[in-house]
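Participant: So here's final.cif, just mmCIF, C-alpha atoms:
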```cif
data_protein
#
loop_
_atom_site.label_atom_id
_atom_site.label_comp_id
_atom_site.auth_asym_id
_atom_site.auth_seq_id
_atom_site.Cartn_x
_atom_site.Cartn_y
_atom_site.Cartn_z
CA MET A 281 31.50 -7.66 75.27
CA ARG A 282 27.87 -6.51 74.97
CA ILE A 283 25.66 -5.71 77.95
CA VAL A 284 21.93 -4.97 77.82
CA ILE A 285 20.41 -2.93 80.64
CA ALA A 286 16.67 -2.75 81.34
CA GLY A 287 15.65 0.62 82.74
CA GLY A 288 18.44 2.24 80.76
CA HIS A 289 17.44 5.80 81.67
CA GLY A 290 17.44 5.20 85.41
CA GLN A 291 19.91 7.03 87.63
CA ILE A 292 21.95 3.92 88.42
CA ALA A 293 21.74 2.64 84.85
CA LEU A 294 23.08 5.87 83.33
CA ARG A 295 26.04 5.77 85.70
CA LEU A 296 26.68 2.10 84.88
CA GLU A 297 26.42 2.75 81.15
CA ARG A 298 29.00 5.51 81.41
CA LEU A 299 31.38 3.26 83.36
CA LEU A 300 31.04 0.34 80.95
CA ALA A 301 31.34 2.47 77.83
CA ALA A 302 34.53 4.02 79.22
CA ARG A 303 35.93 0.49 79.49
CA GLY A 304 35.16 -0.20 75.84
CA VAL A 305 32.10 -2.34 76.52
CA GLU A 306 29.21 -2.19 74.05
CA VAL A 307 26.17 -1.17 76.08
CA ALA A 308 22.49 -1.11 75.07
CA GLY A 309 19.91 0.46 77.36
CA ILE A 310 16.20 -0.31 77.07
CA VAL A 311 14.11 2.84 77.52
CA ARG A 312 10.37 3.46 77.44
CA LYS A 313 10.42 6.87 75.76
CA ALA A 314 12.22 7.84 72.56
CA GLU A 315 13.03 11.26 74.02
CA GLN A 316 15.29 9.55 76.57
CA SER A 317 17.59 8.28 73.82
CA ASP A 318 19.92 11.27 73.67
CA ASP A 319 20.76 10.92 77.37
CA LEU A 320 21.93 7.35 76.73
CA ARG A 321 23.98 8.35 73.70
CA ALA A 322 25.62 11.06 75.83
CA VAL A 323 27.05 8.42 78.17
CA GLY A 324 28.08 6.08 75.35
CA ALA A 325 25.13 3.67 75.31
CA GLU A 326 22.88 2.55 72.47
CA PRO A 327 19.21 3.29 73.23
CA VAL A 328 16.58 0.66 72.50
CA VAL A 329 13.01 1.95 72.76
CA LEU A 330 10.79 -0.78 74.17
CA ASP A 331 8.08 -0.69 76.84
CA LEU A 332 8.65 -3.61 79.20
CA GLU A 333 5.09 -3.28 80.52
CA SER A 334 3.63 -4.18 77.14
CA ALA A 335 6.40 -6.05 75.29
CA SER A 336 6.41 -9.82 74.82
CA ALA A 337 9.23 -12.05 76.02
CA GLU A 338 10.17 -12.71 72.40
CA GLN A 339 10.44 -8.99 71.63
CA VAL A 340 12.77 -8.52 74.60
CA ALA A 341 14.71 -11.66 73.66
CA ASP A 342 15.36 -10.15 70.24
CA VAL A 343 17.15 -7.26 71.98
CA LEU A 344 19.09 -9.61 74.23
CA ARG A 345 20.34 -12.08 71.62
CA GLY A 346 24.12 -11.98 71.31
CA ALA A 347 24.59 -10.19 74.64
CA ASP A 348 27.12 -11.42 77.19
CA ALA A 349 25.08 -10.26 80.17
CA ALA A 350 21.81 -8.58 81.11
CA VAL A 351 21.17 -6.14 83.96
CA PHE A 352 17.69 -5.43 85.30
CA ALA A 353 17.82 -1.88 86.65
CA ALA A 354 14.25 -0.80 85.88
CA GLY A 355 11.83 0.54 88.46
CA ALA A 356 8.48 2.24 88.55
CA GLY A 357 9.96 5.14 90.50
CA PRO A 358 9.03 6.85 93.79
CA GLY A 359 6.07 8.72 92.34
CA SER A 360 4.27 5.64 91.07
CA GLY A 361 1.37 3.80 92.70
CA THR A 362 0.94 0.20 93.70
CA ALA A 363 -0.17 -0.99 90.26
CA ARG A 364 3.14 -0.11 88.61
CA LYS A 365 5.12 -1.71 91.42
CA GLU A 366 3.49 -4.93 90.23
CA THR A 367 3.89 -4.31 86.49
CA VAL A 368 7.43 -2.89 86.54
CA ASP A 369 9.29 -3.88 89.71
CA LYS A 370 7.91 -7.41 89.52
CA GLY A 371 6.36 -7.99 86.09
CA ALA A 372 9.11 -6.43 84.00
CA ALA A 373 11.80 -8.23 86.02
CA VAL A 374 10.12 -11.58 85.39
CA LEU A 375 9.70 -10.76 81.70
CA PHE A 376 13.37 -9.74 81.37
CA ALA A 377 14.51 -12.96 83.05
CA ASP A 378 12.30 -15.07 80.79
CA ALA A 379 13.62 -13.21 77.76
CA ALA A 380 17.22 -13.79 78.84
CA LEU A 381 16.51 -17.52 78.99
CA ARG A 382 15.01 -17.43 75.50
CA ALA A 383 17.99 -15.49 74.17
CA GLY A 384 20.56 -17.76 75.81
CA VAL A 385 22.02 -14.99 77.99
CA ARG A 386 23.12 -16.68 81.20
CA ARG A 387 24.75 -13.84 83.18
CA PHE A 388 21.95 -11.87 84.80
CA LEU A 389 22.19 -9.08 87.38
CA VAL A 390 19.25 -7.62 89.29
CA VAL A 391 19.22 -4.25 91.03
CA SER A 392 16.84 -5.03 93.87
CA SER A 393 16.30 -3.20 97.16
CA TYR A 394 17.40 -3.58 100.76
CA GLY A 395 14.54 -5.28 102.61
CA ALA A 396 13.01 -6.86 99.51
CA ASP A 397 10.90 -9.78 100.72
CA ALA A 398 8.23 -11.82 98.94
CA GLY A 399 6.54 -12.29 102.32
CA HIS A 400 6.53 -8.61 103.23
CA ARG A 401 3.17 -7.56 104.66
CA GLY A 402 1.18 -4.37 104.29
CA ASP A 403 -0.76 -2.45 101.68
CA GLU A 404 1.06 0.88 101.56
CA VAL A 405 2.97 1.71 98.37
CA PHE A 406 6.35 0.94 99.96
CA ASP A 407 5.04 -2.37 101.29
CA VAL A 408 3.86 -3.37 97.82
CA TYR A 409 7.23 -2.27 96.40
CA GLN A 410 9.22 -4.39 98.86
CA ARG A 411 6.98 -7.38 98.21
CA ALA A 412 7.14 -6.94 94.41
CA LYS A 413 10.93 -6.72 94.51
CA GLY A 414 11.09 -9.78 96.74
CA GLU A 415 8.80 -11.78 94.47
CA ALA A 416 10.86 -10.81 91.43
CA ASP A 417 14.07 -11.82 93.22
CA ALA A 418 12.56 -15.16 94.20
CA TYR A 419 11.51 -15.83 90.62
CA VAL A 420 15.02 -15.16 89.31
CA GLN A 421 16.59 -17.24 92.10
CA GLY A 422 14.47 -20.18 90.96
CA LEU A 423 15.77 -20.15 87.39
CA ASP A 424 18.50 -22.75 86.85
CA GLY A 425 19.24 -21.37 83.37
CA LEU A 426 20.61 -18.06 84.65
CA ASP A 427 23.88 -17.25 86.38
CA TRP A 428 22.19 -14.58 88.49
CA THR A 429 23.45 -12.15 91.07
CA ILE A 430 20.98 -10.03 93.04
CA LEU A 431 22.19 -6.75 94.49
CA ARG A 432 20.16 -5.09 97.25
CA PRO A 433 21.45 -1.55 97.88
CA GLY A 434 20.53 0.40 100.96
CA SER A 435 19.11 3.94 100.91
CA LEU A 436 20.24 5.50 97.65
CA THR A 437 21.87 8.94 97.66
CA ASP A 438 23.23 11.30 95.03
CA ASP A 439 26.40 11.93 97.02
CA THR A 440 29.63 11.56 95.12
CA GLY A 441 30.80 7.97 95.31
CA THR A 442 33.71 7.13 97.57
CA GLY A 443 34.52 3.73 96.06
CA LEU A 444 34.34 2.31 99.58
CA VAL A 445 31.52 -0.09 100.41
CA ARG A 446 30.26 -2.91 102.57
CA LEU A 447 29.05 -5.80 100.40
CA GLU A 448 27.80 -8.89 102.21
CA ALA A 449 24.90 -11.31 102.41
CA ARG A 450 23.68 -9.21 105.36
CA THR A 451 24.87 -5.66 106.00
CA GLY A 452 22.04 -4.06 107.96
CA PRO A 453 20.49 -0.81 106.73
CA GLY A 454 22.46 2.19 105.59
CA PRO A 455 22.96 4.70 102.79
CA VAL A 456 24.97 4.19 99.62
CA PRO A 457 25.68 6.61 96.74
CA ARG A 458 24.31 5.62 93.34
CA ASP A 459 27.86 6.09 92.00
CA ASP A 460 29.05 3.25 94.21
CA VAL A 461 26.11 1.01 93.28
CA ALA A 462 27.04 1.42 89.62
CA ALA A 463 30.69 0.69 90.38
CA VAL A 464 29.75 -2.51 92.19
CA LEU A 465 27.52 -3.63 89.31
CA ALA A 466 30.36 -3.09 86.85
CA GLU A 467 32.66 -5.14 89.03
CA LEU A 468 30.07 -7.91 89.43
CA LEU A 469 29.79 -8.16 85.64
CA ASP A 470 33.53 -8.84 85.57
CA THR A 471 33.27 -11.42 88.36
CA PRO A 472 31.25 -14.47 87.25
CA ALA A 473 32.09 -16.26 90.49
CA THR A 474 29.47 -14.06 92.18
CA ALA A 475 26.71 -16.00 90.40
CA GLY A 476 24.12 -17.41 92.79
CA LEU A 477 24.64 -14.71 95.41
CA THR A 478 22.12 -12.28 96.88
CA LEU A 479 24.09 -9.37 98.31
CA GLU A 480 23.28 -6.29 100.36
CA LEU A 481 25.24 -3.10 99.75
CA VAL A 482 25.84 -0.01 101.89
CA SER A 483 28.68 2.45 102.25
CA GLY A 484 31.67 1.08 104.09
CA SER A 485 35.44 0.99 104.22
CA THR A 486 36.38 -1.63 101.59
CA PRO A 487 37.35 -0.67 98.03
CA VAL A 488 34.79 -1.92 95.51
CA PRO A 489 37.10 -4.40 93.69
CA VAL A 490 38.22 -5.91 97.01
CA ALA A 491 34.66 -6.12 98.32
CA VAL A 492 33.48 -7.96 95.21
CA LYS A 493 36.47 -10.29 95.19
CA SER A 494 35.92 -11.14 98.85
CA VAL A 495 32.36 -12.40 98.26
CA ALA A 496 33.10 -14.18 94.96
CA GLY A 497 32.51 -17.90 95.19
CA ASN A 498 30.95 -17.71 98.66
#
```
Output the file's structure in the form of structure tokens.
Facilitator:
Amino acid sequence: MRIVIAGGHGQIALRLERLLAARGVEVAGIVRKAEQSDDLRAVGAEPVVLDLESASAEQVADVLRGADAAVFAAGAGPGSGTARKETVDKGAAVLFADAALRAGVRRFLVVSSYGADAGHRGDEVFDVYQRAKGEADAYVQGLDGLDWTILRPGSLTDDTGTGLVRLEARTGPGPVPRDDVAAVLAELLDTPATAGLTLELVSGSTPVPVAVKSVAGN
């Protein structure tokens, strides 16, 4: 199996790459800077240097061809302004989805955000972020050619993962360790029956494999 992850140097992506590589999965992570490559190799992933803000859909499709699944885990980051929320959190997600279609990669996971909403109002950076994420999610949800799953984690923490989560269509707000987000993504990749679901994720009391199995096919 080969998985391609956009935003391969992100904190969730690096954790996911380590998990997948440990399972014997071939993982490629798209990064913007060549100097990030060694960090990917350290967790067992193949770095692919490509700027999703300037690449064409065909360039991204070339990276995706032959993959079994694609994961969009890119983000402009907390220090970025409104412009990059549009070009990365929305624009790069749309580009990656279009490229997956071109490459014939049906399984498509999106790391979104709790509260993402295309109709979200306001002009502050966080408002633009929530709206950009929501618009990207809506675009992916409208693509019949993808077997998509959208994951909307709550407030991300660097606490050690517990492996216990609450994963539902609606969870309400709450924190969740990045370790557990990565574990859920890995499980979702192994559970194609979760295609077509938009799921919220916070810490809870259900083991990750059980939580994913319980929503599969719903």
Participant: Which of these, A:Glu448, A:Glu297, A:Glu333, A:Asp470, has the shortest distance to Ala363 (chain A) once you count all atoms listed in the file?
Facilitator: A:Glu333
Participant: Do you have, as JSON lines, the list of residues of region 387-432 of chain A lying at most 8 Å from region 340-361 of chain A, each with its nearest atom pair and that distance in Å to one decimal, counting all atoms listed in the file and ordered by chain then number?
Facilitator:
```
{"residue": "A:Arg387", "atom": "CA", "partner": "A:Ala349", "partner_atom": "CA", "distance": 4.7}
{"residue": "A:Phe388", "atom": "CA", "partner": "A:Ala350", "partner_atom": "CA", "distance": 4.9}
{"residue": "A:Leu389", "atom": "CA", "partner": "A:Val351", "partner_atom": "CA", "distance": 4.6}
{"residue": "A:Val390", "atom": "CA", "partner": "A:Phe352", "partner_atom": "CA", "distance": 4.8}
{"residue": "A:Val391", "atom": "CA", "partner": "A:Ala353", "partner_atom": "CA", "distance": 5.2}
{"residue": "A:Ser392", "atom": "CA", "partner": "A:Ala353", "partner_atom": "CA", "distance": 7.9}
{"residue": "A:Val405", "atom": "CA", "partner": "A:Gly361", "partner_atom": "CA", "distance": 6.3}
```
Participant: When the PyMOL selection byres ((chain A and resi 455-461) around 8) is applied to the structure above, which residues does it catch, written out as a count of residues only?
Facilitator: 26
Participant: Please report the interatomic distance between CA of Gly399 (chain A) and CA of Ala418 (chain A) in Å with one decimal.
Facilitator: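 CA of Ala418 (chain A) lies at a distance of 10.5 Å from CA of Gly399 (chain A).
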Participant: Would you mind reading off the distance between CA of Leu294 (chain A) and CA of Gly309 (chain A), one decimal, in Å?
Facilitator: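 Taking CA of Leu294 (chain A) as the start and CA of Gly309 (chain A) as the end point, the length is 8.7 Å.
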Participant: Between A:Val368, A:Ile285, A:Leu423, A:Leu381, which is the closest to Pro327 (chain A) once you count all atoms listed in the file?
Facilitator: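 Ranked by minimum distance to Pro327 (chain A), first place goes to A:Ile285.
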Participant: Using only C-alpha atoms for the distances, tell me which of A:Gln410, A:Thr451, A:Ser494, A:Ser334 is nearest to Lys370 (chain A).
Facilitator: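 Under the stated criterion, the closest residue is A:Gln410.
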Participant: For Arg450 (chain A), which residue among A:Asp378, A:Gly395, A:Ala372, A:Val408 is the nearest when counting only C-alpha atoms?
Facilitator: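 Looking at the shortest contact to Arg450 (chain A), the residue is A:Gly395.
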Participant: Which is closest to Leu468 (chain A) among A:Leu320, A:Ala286, A:Leu296, A:Ala308, if we use all atoms listed in the file?
Facilitator: A:Leu296
Participant: Kindly give the distance, in Å, that separates CA of Ala383 (chain A) and CA of Asp331 (chain A), rounded to a single decimal.
Facilitator: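 Separating CA of Ala383 (chain A) from CA of Asp331 (chain A) is a distance of 18.0 Å.
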Participant: Which of these, A:Ala377, A:Leu431, A:Ala466, A:Ala416, has the shortest distance to Ile283 (chain A) once you count all atoms listed in the file?
Facilitator: A:Ala466
Participant: Show me, as a list of chain:residue names, the residues that have an atom within 8 Å of Gln421 (chain A) when counting all atoms listed in the file, minus same-chain residues fewer than 4 positions from it.
Facilitator: A:Asp417, A:Trp428, A:Gly476
Participant: What residues come out when you apply the PyMOL selection byres ((chain A and resi 318) around 12) to this file, written as a ChimeraX atom specification?
Facilitator: /A:288-289,294,309,311,313-317,319-329
Participant: On this structure, the PyMOL selection byres ((chain A and resi 493) around 12) would catch which residues? List them as a PyMOL selection string, sorted by chain and number.
Facilitator: chain A and resi 447-448+464+467-474+486-492+494-498
